[in-house]
Structures are given as C-alpha cells and as structure tokens.
>>> print(open('final.txt').read())   # compact mmCIF, C-alpha atoms
# COMPACT_ATOMS: atom_id res chain seq x y z
CA LYS S 1 20.64 10.03 13.88
CA TYR S 2 22.21 13.19 12.44
CA PHE S 3 22.77 14.84 15.84
CA PHE S 4 23.37 11.63 17.83
CA PRO S 5 24.99 9.18 15.39
CA LYS S 6 26.16 6.81 18.14
CA SER S 7 22.80 6.63 19.90
CA ASN S 8 20.23 3.84 19.53
CA ILE S 9 17.12 5.59 18.26
CA VAL S 10 13.75 3.90 17.81
CA LYS S 11 11.19 5.58 15.55
CA LEU S 12 7.53 5.06 16.44
CA PRO S 13 4.94 6.13 13.85
CA ALA S 14 1.99 8.45 14.42
CA GLY S 15 -1.19 6.51 15.15
CA ILE S 16 -4.95 6.84 14.86
CA GLU S 17 -8.03 5.00 16.06
CA PHE S 18 -10.08 3.43 13.29
CA PRO S 19 -13.78 4.24 12.88
CA GLU S 20 -15.92 1.71 14.74
CA LYS S 21 -19.40 2.69 13.61
CA LYS S 22 -21.21 4.42 10.80
CA ILE S 23 -22.67 7.81 11.74
CA THR S 24 -26.17 8.47 10.39
CA ASN S 25 -27.73 11.07 12.70
CA ILE S 26 -26.04 14.23 11.35
CA LYS S 27 -27.65 16.50 8.77
CA PHE S 28 -26.18 19.50 6.94
CA ASP S 29 -28.14 21.93 4.76
CA TRP S 30 -25.48 21.73 2.04
CA LEU S 31 -26.02 17.98 1.72
CA LYS S 32 -29.36 18.70 0.04
CA ALA S 33 -27.49 19.95 -3.05
CA ILE S 34 -25.46 16.75 -3.39
CA ASN S 35 -27.02 13.91 -5.35
CA LYS S 36 -26.82 10.31 -4.16
CA ASN S 37 -24.18 9.33 -6.73
CA ASP S 38 -22.09 12.50 -6.38
CA LYS S 39 -18.64 12.35 -4.78
CA ILE S 40 -16.92 14.70 -2.33
CA LEU S 41 -13.29 15.83 -2.45
CA LEU S 42 -12.45 17.04 1.05
CA PHE S 43 -10.00 19.69 2.19
CA LEU S 44 -9.77 19.53 5.98
CA GLY S 45 -7.29 21.81 7.72
CA ARG S 46 -6.23 25.36 8.54
CA LEU S 47 -7.13 27.97 5.94
CA GLU S 48 -3.71 29.57 5.59
CA PRO S 49 -1.67 30.53 2.49
CA GLU S 50 0.90 27.75 2.97
CA LYS S 51 -1.86 25.13 2.80
CA GLY S 52 -2.50 25.87 -0.89
CA ILE S 53 -6.19 26.66 -0.48
CA LYS S 54 -6.15 29.59 -2.95
CA GLU S 55 -4.38 27.52 -5.61
CA LEU S 56 -6.84 24.67 -5.05
CA ILE S 57 -9.88 26.91 -5.47
CA GLU S 58 -8.38 28.51 -8.59
CA ALA S 59 -7.76 25.09 -10.15
CA TRP S 60 -11.22 23.85 -9.19
CA ASP S 61 -12.82 27.00 -10.61
CA HIS S 62 -11.29 26.22 -14.01
CA LEU S 63 -12.64 22.66 -13.85
CA SER S 64 -16.07 23.27 -12.35
CA ASN S 65 -17.89 22.15 -15.52
CA LEU S 66 -15.86 18.93 -15.63
CA ALA S 67 -16.45 18.43 -11.90
CA LYS S 68 -20.19 18.70 -12.53
CA GLU S 69 -19.99 16.29 -15.46
CA LYS S 70 -18.07 13.73 -13.37
CA GLY S 71 -20.20 14.26 -10.25
CA TRP S 72 -17.59 15.81 -7.91
CA TRP S 73 -17.90 18.50 -5.23
CA LEU S 74 -15.12 20.31 -3.33
CA LEU S 75 -15.89 20.49 0.39
CA ILE S 76 -13.66 22.82 2.43
CA VAL S 77 -13.63 22.34 6.20
CA GLY S 78 -11.51 24.46 8.51
CA TYR S 79 -10.73 27.95 9.75
CA GLY S 80 -7.96 30.53 9.54
CA THR S 81 -6.95 33.83 7.99
CA LEU S 82 -8.38 32.89 4.58
CA GLU S 83 -11.79 31.98 5.96
CA GLN S 84 -13.57 34.98 4.40
CA TYR S 85 -11.86 34.35 1.06
CA VAL S 86 -13.09 30.74 1.04
CA HIS S 87 -16.57 31.82 2.15
CA ASN S 88 -16.79 34.23 -0.80
CA LYS S 89 -15.63 31.55 -3.25
CA ALA S 90 -18.01 28.84 -2.03
CA LEU S 91 -20.71 28.75 -4.69
CA HIS S 92 -22.97 25.80 -5.46
CA GLU S 93 -22.85 26.58 -9.18
CA LYS S 94 -19.09 26.06 -8.93
CA ARG S 95 -19.66 22.95 -6.79
CA ILE S 96 -17.66 24.39 -3.89
CA ILE S 97 -18.99 24.07 -0.33
CA PHE S 98 -17.51 25.76 2.75
CA HIS S 99 -18.39 24.20 6.09
CA GLY S 100 -16.13 26.00 8.58
CA LYS S 101 -14.88 24.39 11.78
CA SER S 102 -15.72 20.77 12.53
CA TYR S 103 -14.93 18.50 15.47
CA GLY S 104 -15.86 15.17 17.01
CA GLU S 105 -18.69 13.16 15.49
CA GLU S 106 -19.45 15.89 12.98
CA LYS S 107 -15.90 15.70 11.60
CA GLU S 108 -16.09 11.90 11.56
CA PHE S 109 -19.28 12.09 9.51
CA ILE S 110 -17.66 14.44 6.99
CA LEU S 111 -14.70 12.06 6.62
CA GLN S 112 -17.15 9.18 6.26
CA ILE S 113 -19.08 10.72 3.35
CA SER S 114 -15.99 11.96 1.47
CA LYS S 115 -14.49 9.92 -1.35
CA ALA S 116 -11.17 11.74 -1.68
CA PHE S 117 -8.96 14.05 0.39
CA ILE S 118 -6.61 16.80 -0.80
CA LEU S 119 -3.83 18.71 0.96
CA PRO S 120 -1.79 20.97 -1.38
CA SER S 121 0.38 22.16 1.52
CA ILE S 122 4.04 23.18 1.61
CA SER S 123 4.33 23.07 5.40
CA GLU S 124 3.50 19.84 7.27
CA GLY S 125 4.86 17.49 9.89
CA ILE S 126 2.86 14.27 9.84
CA PRO S 127 -0.71 15.44 9.09
CA ILE S 128 -3.07 13.24 11.10
CA ALA S 129 -5.96 14.30 8.84
CA VAL S 130 -4.36 12.28 6.05
CA LEU S 131 -4.37 9.13 8.19
CA GLU S 132 -7.96 9.81 9.24
CA ALA S 133 -8.98 10.17 5.59
CA LEU S 134 -7.24 6.92 4.66
CA SER S 135 -8.98 5.11 7.51
CA HIS S 136 -12.31 6.29 6.07
CA LYS S 137 -11.42 4.87 2.64
CA SER S 138 -10.55 8.12 0.88
CA LEU S 139 -8.08 8.49 -1.96
CA CYS S 140 -5.52 11.14 -0.99
CA LEU S 141 -3.97 13.83 -3.20
CA LEU S 142 -0.82 15.03 -1.43
CA THR S 143 2.28 17.17 -1.91
CA LYS S 144 5.69 15.74 -1.03
CA GLU S 145 5.71 18.18 1.93
CA CYS S 146 2.92 16.10 3.50
CA ASN S 147 5.63 13.48 4.17
CA PHE S 148 3.68 10.48 2.92
CA GLU S 149 5.73 9.70 -0.17
CA LYS S 150 5.38 5.99 0.52
CA LEU S 151 1.68 6.26 -0.31
CA GLU S 152 2.51 7.33 -3.85
CA LYS S 153 5.09 4.55 -4.20
CA ILE S 154 2.56 1.86 -3.27
CA GLY S 155 -0.14 3.38 -5.49
CA ALA S 156 -2.37 4.69 -2.72
CA SER S 157 -2.21 8.43 -3.47
CA ILE S 158 -1.89 11.01 -6.23
CA LYS S 159 1.10 13.37 -6.03
CA ILE S 160 0.31 17.07 -6.35
CA LYS S 161 2.13 20.42 -6.18
CA LYS S 162 1.07 23.74 -4.72
CA ASN S 163 0.33 25.51 -7.97
CA SER S 164 -2.96 25.80 -9.79
CA SER S 165 -1.78 24.38 -13.13
CA ASN S 166 -0.47 21.18 -11.51
CA LEU S 167 -3.57 20.92 -9.36
CA GLU S 168 -5.74 21.13 -12.48
CA LEU S 169 -3.90 18.18 -14.01
CA SER S 170 -4.14 16.20 -10.76
CA LEU S 171 -7.84 16.90 -10.38
CA LYS S 172 -8.44 15.76 -13.95
CA LYS S 173 -6.61 12.54 -13.11
CA LEU S 174 -8.88 12.05 -10.10
CA PHE S 175 -12.04 12.75 -12.10
CA LYS S 176 -11.07 10.26 -14.81
CA LEU S 177 -10.28 7.31 -12.51
CA ASN S 178 -12.63 4.40 -13.10
CA SER S 179 -14.27 2.73 -10.12
CA LYS S 180 -12.02 -0.35 -10.28
CA GLU S 181 -8.80 1.69 -10.13
CA PHE S 182 -10.27 4.04 -7.51
CA ASN S 183 -11.30 1.18 -5.21
CA LYS S 184 -7.94 -0.52 -5.67
CA ARG S 185 -6.12 2.61 -4.52
CA ILE S 186 -8.27 3.21 -1.44
CA LYS S 187 -7.89 -0.43 -0.40
CA ILE S 188 -4.10 -0.12 -0.57
CA GLY S 189 -4.28 3.08 1.50
CA LEU S 190 -6.55 1.51 4.10
CA ASN S 191 -4.30 -1.54 4.50
CA TYR S 192 -1.22 0.69 4.77
CA THR S 193 -2.84 2.69 7.57
CA LYS S 194 -3.99 -0.42 9.42
CA ASN S 195 -0.53 -1.97 9.26
CA GLU S 196 1.62 1.09 9.98
CA HIS S 197 -0.49 3.66 11.88
CA ASN S 198 -2.81 1.58 14.04
CA TRP S 199 -2.77 2.77 17.67
CA ASP S 200 -3.27 -0.76 18.99
CA LEU S 201 -0.19 -2.03 17.16
CA ILE S 202 1.86 1.03 18.10
CA ALA S 203 0.89 0.63 21.77
CA LYS S 204 2.15 -2.98 21.70
CA GLN S 205 5.39 -1.87 20.02
CA SER S 206 5.87 0.81 22.68
CA TYR S 207 5.17 -1.65 25.50
CA ASN S 208 7.64 -4.20 24.11
CA LEU S 209 10.24 -1.46 23.70
CA TYR S 210 9.91 -0.31 27.31
CA GLN S 211 10.01 -3.92 28.52
CA SER S 212 13.26 -4.50 26.60
CA LEU S 213 14.80 -1.38 28.10
CA ASN S 214 13.95 -2.49 31.62
CA SER S 215 15.17 -6.06 31.21
>>> encode(input="final.txt", output="structure tokens")
Amino acid sequence: KYFFPKSNIVKLPAGIEFPEKKITNIKFDWLKAINKNDKILLFLGRLEPEKGIKELIEAWDHLSNLAKEKGWWLLIVGYGTLEQYVHNKALHEKRIIFHGKSYGEEKEFILQISKAFILPSISEGIPIAVLEALSHKSLCLLTKECNFEKLEKIGASIKIKKNSSNLELSLKKLFKLNSKEFNKRIKIGLNYTKNEHNWDLIAKQSYNLYQSLNS
C-alpha cells in the first residue's frame, strides 16, 4: 500500500496444516529425566544472537530453582553459531535440555509434548514455528518483533523482550499461571490459528480470489 497506494492489494495470511494424529513411537534419552507432571517450555529455531537465546538461558539460570519447584523444563531445539554455547549450558540440574536439529515426525512429537513456546527474537518475518506451537496447544511467549501482537491483545500469549531481566519476569508469570488460566489462553490461541492460519481456509480464499480476477 505504501509503494502502490492506488493498487488493489489482497493480503493472504501464512498457513499451516493442523496435527492429525498423536505421535507415540518416538523416544528420547532426555525424556527419562522429565516426570509425568512436568512441563516443557520449548525454544525451536536458529541458535543465533538475534534470537535471544543467550538472554533466555541467563534468565532461566536465575530461575532454575523456581522452575524445579513449579515443574518446568527449558528444551532448546535448533542449530546455529551458538550451538556449542547452548550445549555447554544444557545441564539437567538447571533443567535445561539441548536437543539439536529436529525435523518431520520428531519435530511434531517435540511440539506435541511441549506446554509452552518462547521466541525472544528481534528479527522475524512471520515465524511459522509460532503457528505450529499454537496448533499443538502451547502458550506462546513472544516479542513484538515476532509480529503476532494480536495474540497478546486477545489474551493468547505473553509479551516478552530480548533482555534477561524482562525474560525473568515473563518466565515467573508463566510459572505462576494456574491451570484454568493456562488452558483458557491456549484455547484462545488454538481457535485463532484455526480461524486465521488454516491452510484449507486460505486455499479456498485464494481460489475465490483467482476466480474473481478471471470473471
């Protein structure tokens, strides 16, 4: 609209496919350390400075005792220039697990077993991992640079910033959520994703658009 103010521009949202089945045939050694009632906070993405991974680990390190008390683990999945740094920081006594790269069914399983998703990034377009996490009923903790500010407005996410002090406060907020409030938020996020980022609906919108252009 800025460059072509007189043009008719139609904006189509990014879309995802929703999980169709529950995956049960994947086992990880690190799962043995996690109790049945424990919860996983997932970071899934490139391990680069702009993604806020150092600040996240620093904040988590300060709260590791509270994380243990509240039954939370930080699971980091990805690869990049900070991979060795994350590997060195991943300690079970700090309740930090590093998995490395993950694709396909393995990634789907990790999303499935996670209860929350965090992305303290300052450089994003429309991160599909956020939509995937929402579709797996995760509560998302996101910076404004993730470009999902609507999620915060409708009560489906927790707003964060890429600095360790803010992340500490946000993590405390996550840890202290009761189950009723937590489930309410993930339901809102799931419904938002189904209504606005469902590939089936987007495909129909695209088809109707092309039909209107050809008529």
>>> axis_aligned_box(input="final.txt", around="range 13-16 of chain S", padding_each_side="4 Å", output="lines of an AutoDock Vina configuration file")
center_x = 0.0
center_y = 7.3
center_z = 14.5
size_x = 17.9
size_y = 10.3
size_z = 9.3
>>> atom_distance(input="final.txt", atom1="CA of Asn25 in chain S", atom2="CA of Leu42 in chain S")
20.1 Å
>>> atom_distance(input="final.txt", atom1="CA of Glu124 in chain S", atom2="CA of Asn163 in chain S")
16.6 Å
>>> residues_near_point(input="final.txt", point="(2.2, 18.4, 3.8)", cutoff="7 Å", atoms="only C-alpha atoms", output="list of chain:residue names")
S:Leu119, S:Ser121, S:Ile122, S:Ser123, S:Glu124, S:Gly125, S:Pro127, S:Leu142, S:Thr143, S:Lys144, S:Glu145, S:Cys146, S:Asn147
>>> closest_residue(input="final.txt", among="S:Leu12, S:Ile53, S:Ile126, S:Leu201", to="Gly80 in chain S", atoms="only C-alpha atoms")
S:Ile53
>>> residues_around(input="final.txt", residues="range 87-89 of chain S", least_positions_apart="6", cutoff="9 Å", atoms="only C-alpha atoms", output="mmCIF file with C-alpha atoms, in the frame of the given file")
data_model
loop_
_atom_site.group_PDB
_atom_site.id
_atom_site.type_symbol
_atom_site.label_atom_id
_atom_site.label_comp_id
_atom_site.auth_asym_id
_atom_site.auth_seq_id
_atom_site.Cartn_x
_atom_site.Cartn_y
_atom_site.Cartn_z
ATOM 1 C CA ILE S 57 -9.880 26.910 -5.470
ATOM 2 C CA ILE S 96 -17.660 24.390 -3.890
ATOM 3 C CA ILE S 97 -18.990 24.070 -0.330
ATOM 4 C CA PHE S 98 -17.510 25.760 2.750
ATOM 5 C CA HIS S 99 -18.390 24.200 6.090
ATOM 6 C CA GLY S 100 -16.130 26.000 8.580
#
>>> atom_distance(input="final.txt", atom1="CA of Lys173 in chain S", atom2="CA of Lys101 in chain S")
28.8 Å
>>> closest_residue(input="final.txt", among="S:Lys159, S:Lys94, S:Lys39, S:Arg46", to="Ile76 in chain S", atoms="only C-alpha atoms")
S:Arg46
>>> residues_around(input="final.txt", residues="Glu108 in chain S", least_positions_apart="4", cutoff="9 Å", atoms="all atoms listed in the file", output="list in words")
Pro19, Ile23, Ser102, Tyr103, Gly104, Gln112, Ile113, Glu132 and His136 of chain S
>>> closest_residue(input="final.txt", among="S:Lys180, S:Lys162, S:Lys137, S:Lys172", to="Ala67 in chain S", atoms="only C-alpha atoms")
S:Lys172
>>> build_atoms(input="final.txt", residues="range 23-35 of chain S", atoms="N, CA and C atoms", output="compact mmCIF listing (two decimals), in the coordinates of the input")
# COMPACT_ATOMS: atom_id res chain seq x y z
N ILE S 23 -21.86 6.72 11.17
CA ILE S 23 -22.67 7.81 11.74
C ILE S 23 -23.78 8.16 10.77
N THR S 24 -25.01 8.21 11.26
CA THR S 24 -26.17 8.47 10.39
C THR S 24 -27.07 9.60 10.89
N ASN S 25 -26.79 10.13 12.08
CA ASN S 25 -27.73 11.07 12.70
C ASN S 25 -27.34 12.53 12.53
N ILE S 26 -26.47 12.84 11.57
CA ILE S 26 -26.04 14.23 11.35
C ILE S 26 -26.55 14.71 10.00
N LYS S 27 -27.11 15.91 10.00
CA LYS S 27 -27.65 16.50 8.77
C LYS S 27 -27.04 17.88 8.55
N PHE S 28 -26.67 18.18 7.33
CA PHE S 28 -26.18 19.50 6.94
C PHE S 28 -27.06 20.03 5.82
N ASP S 29 -27.32 21.34 5.83
CA ASP S 29 -28.14 21.93 4.76
C ASP S 29 -27.50 21.74 3.39
N TRP S 30 -26.15 21.83 3.34
CA TRP S 30 -25.48 21.73 2.04
C TRP S 30 -25.58 20.34 1.43
N LEU S 31 -25.88 19.34 2.25
CA LEU S 31 -26.02 17.98 1.72
C LEU S 31 -27.20 17.85 0.76
N LYS S 32 -28.18 18.76 0.90
CA LYS S 32 -29.36 18.70 0.04
C LYS S 32 -29.00 18.94 -1.43
N ALA S 33 -27.90 19.65 -1.67
CA ALA S 33 -27.49 19.95 -3.05
C ALA S 33 -26.74 18.80 -3.70
N ILE S 34 -26.29 17.84 -2.88
CA ILE S 34 -25.46 16.75 -3.39
C ILE S 34 -26.32 15.53 -3.70
N ASN S 35 -26.25 15.07 -4.94
CA ASN S 35 -27.02 13.91 -5.35
C ASN S 35 -26.42 12.62 -4.77
